[in-house]
Amino acid sequence: MRANVLGPLTLRHGALSGVPSAMKPRKVLSLLLLSDGRMVPVQSLMAELWGDQPPRTGLTTLQTYILHLRKLLAQVLGTSSAAVTRDVLQTRPGGYALVLRSGQLDVHDYRTLVTQAECALEGGDERAADAAFRQALALWQGPALVDVTPHGRPLQAEVARLEQSRLTAIERGIETRLRLGGHLEVLSDLASLVVEHRFHEGLHSQYMLALHRSGQRTRALAVYQRLRMTMAEDLGLEPSAKLQRLQQAVLISDPRLDHEAGTPGRGPVVA
């Protein structure tokens, strides 16, 4: 059995799908998958389904959804509902847990690869880190649980955590490629990212650095000015001192910004 939440929700065993068609059972399945084998309290499941105003029949309805999921999983796995109840979708004191083995959920693989990438960076092996970051991000097929909507508060929290992790991995992956001299390669990705994340100074900094190293100093300075205007108009803020120092370094073509002048395993020297 293989389940995916980094994009559309899927749960398959061979050619058979274990994803229910109705949205509320899909939400229950999603929350159980994202809880990574931990018990999900009944109250959290009901909050996901009905917010702060569950119906009087809410508990009975939730139990019906769990029963339906167990029957569907039994069909997909070719086993009995009793076996699913015992080994897969378990009843725990106060809630339910969906137990998966290693390698059955894309989030497991994603987190393992990100950890490998960070360990490789700590060890100074940028090429191994780059490969692991690429593999981790390739697991994403769109926004997390893009076809399970609208999210209640419990799913919103889990999805926000995943999306923040993805953004961090993207930023760290680009940082790694810049260390390896891949400034031309990252330009198109960064051009899109700074539009999507209008106030993200880290991504803007990387875009400025990649443009500068690509011989496009004017464009690098324009990126800074655009961010500065957007922040002033929308937030009433100035860019951070760190980003201002980068702008000044670009203005004077500080040689410390050049990849060739950097120390292996370290980012650009703009303190």
# chains A, B, ... in the order shown; residues from 1 in each chain; ligands from 1
call {"tool": "residues_around", "arguments": {"residues": "A:Glu201", "least_positions_apart": "2", "cutoff": "8 Å", "atoms": "only C-alpha atoms", "output": "list in words"}}
result
Phe199, Leu203, His204, Ser205, Pro239, Ser240 and Leu243 of chain A
call {"tool": "select_by_dssp", "arguments": {"residues": "stretch 19-145 of chain A", "states": "strand (DSSP E)", "output": "CSV table (one decimal) with N, CA, C and O atoms, in the first residue's frame"}}
result
chain,number,residue,atom,x,y,z
A,40,VAL,N,-5.2,10.2,16.7
A,40,VAL,CA,-5.9,11.4,16.4
A,40,VAL,C,-7.1,11.4,17.3
A,40,VAL,O,-8.0,10.6,17.2
A,41,PRO,N,-7.2,12.4,18.2
A,41,PRO,CA,-8.4,12.4,19.1
A,41,PRO,C,-9.7,12.6,18.4
A,41,PRO,O,-9.7,13.3,17.3
A,89,LEU,N,-6.1,0.5,10.7
A,89,LEU,CA,-6.9,1.6,11.2
A,89,LEU,C,-7.4,1.3,12.6
A,89,LEU,O,-8.5,0.7,12.8
A,90,GLN,N,-6.6,1.6,13.6
A,90,GLN,CA,-6.8,1.1,14.9
A,90,GLN,C,-7.7,2.1,15.8
A,90,GLN,O,-7.6,3.3,15.6
A,91,THR,N,-8.5,1.5,16.7
A,91,THR,CA,-9.1,2.3,17.7
A,91,THR,C,-8.2,2.4,18.9
A,91,THR,O,-7.7,1.4,19.4
A,92,ARG,N,-7.9,3.6,19.3
A,92,ARG,CA,-7.1,3.9,20.5
A,92,ARG,C,-8.0,4.6,21.5
A,92,ARG,O,-9.0,5.2,21.2
A,95,GLY,N,-9.5,8.0,20.5
A,95,GLY,CA,-9.4,8.4,19.1
A,95,GLY,C,-9.0,7.2,18.2
A,95,GLY,O,-9.2,6.0,18.6
A,96,TYR,N,-8.4,7.5,17.1
A,96,TYR,CA,-8.0,6.5,16.1
A,96,TYR,C,-6.6,6.8,15.6
A,96,TYR,O,-6.1,7.9,15.6
A,97,ALA,N,-6.0,5.7,15.0
A,97,ALA,CA,-4.6,5.8,14.5
A,97,ALA,C,-4.6,5.0,13.2
A,97,ALA,O,-5.1,3.9,13.2
A,98,LEU,N,-3.9,5.5,12.2
A,98,LEU,CA,-3.7,4.8,10.9
A,98,LEU,C,-2.2,4.4,10.9
A,98,LEU,O,-1.3,5.3,10.9
call {"tool": "select_by_dssp", "arguments": {"residues": "stretch 10-136 of chain A", "states": "alpha helix (DSSP H)", "output": "count of residues only"}}
result
76
call {"tool": "atom_distance", "arguments": {"atom1": "atom CA of A:Met231", "atom2": "atom CA of A:Glu171"}}
result
20.3 Å
call {"tool": "residues_around", "arguments": {"residues": "stretch 213-221 of chain A", "least_positions_apart": "3", "cutoff": "8 Å", "atoms": "only C-alpha atoms", "output": "compact mmCIF listing (two decimals) with N, CA and C atoms, in the first residue's frame"}}
result
# COMPACT_ATOMS: atom_id res chain seq x y z
N HIS A 183 24.42 29.08 -10.44
CA HIS A 183 23.62 30.31 -10.41
C HIS A 183 22.75 30.46 -11.66
N LEU A 184 23.23 30.03 -12.81
CA LEU A 184 22.39 30.12 -14.02
C LEU A 184 21.21 29.16 -13.93
N TYR A 207 18.07 35.34 -5.26
CA TYR A 207 17.85 35.79 -6.64
C TYR A 207 18.85 36.88 -7.00
N MET A 208 19.05 37.84 -6.09
CA MET A 208 20.03 38.90 -6.33
C MET A 208 21.43 38.33 -6.55
N LEU A 209 21.80 37.37 -5.71
CA LEU A 209 23.13 36.78 -5.80
C LEU A 209 23.29 36.01 -7.12
N ALA A 210 22.26 35.24 -7.49
CA ALA A 210 22.34 34.47 -8.74
C ALA A 210 22.43 35.40 -9.95
N TYR A 224 16.06 44.16 -5.66
CA TYR A 224 16.08 44.78 -4.34
C TYR A 224 15.12 45.97 -4.27
N GLN A 225 15.17 46.84 -5.28
CA GLN A 225 14.31 48.02 -5.25
C GLN A 225 12.83 47.64 -5.29
N GLN A 247 22.75 44.43 -1.00
CA GLN A 247 22.54 45.42 -2.05
C GLN A 247 23.79 46.29 -2.23
N VAL A 250 26.48 44.32 -4.00
CA VAL A 250 26.22 44.23 -5.44
C VAL A 250 26.58 45.54 -6.12
N LEU A 251 26.24 46.67 -5.47
CA LEU A 251 26.53 47.99 -6.04
C LEU A 251 28.01 48.16 -6.34
N LEU A 257 31.27 38.23 -3.34
CA LEU A 257 30.02 37.65 -3.83
C LEU A 257 30.24 36.60 -4.91
N ASP A 258 31.41 36.59 -5.50
CA ASP A 258 31.67 35.65 -6.59
C ASP A 258 31.84 34.25 -6.05
N HIS A 259 31.28 33.30 -6.77
CA HIS A 259 31.38 31.90 -6.34
C HIS A 259 32.83 31.46 -6.22
call {"tool": "residues_around", "arguments": {"residues": "A:Gln116", "least_positions_apart": "3", "cutoff": "8 Å", "atoms": "only C-alpha atoms", "output": "MDAnalysis selection string"}}
result
chainID A and resid 112:113 119:120 129 132
call {"tool": "closest_residue", "arguments": {"among": "A:Ala232, A:Thr61, A:Asp130, A:Lys27", "to": "A:Ala169", "atoms": "only C-alpha atoms"}}
result
A:Asp130
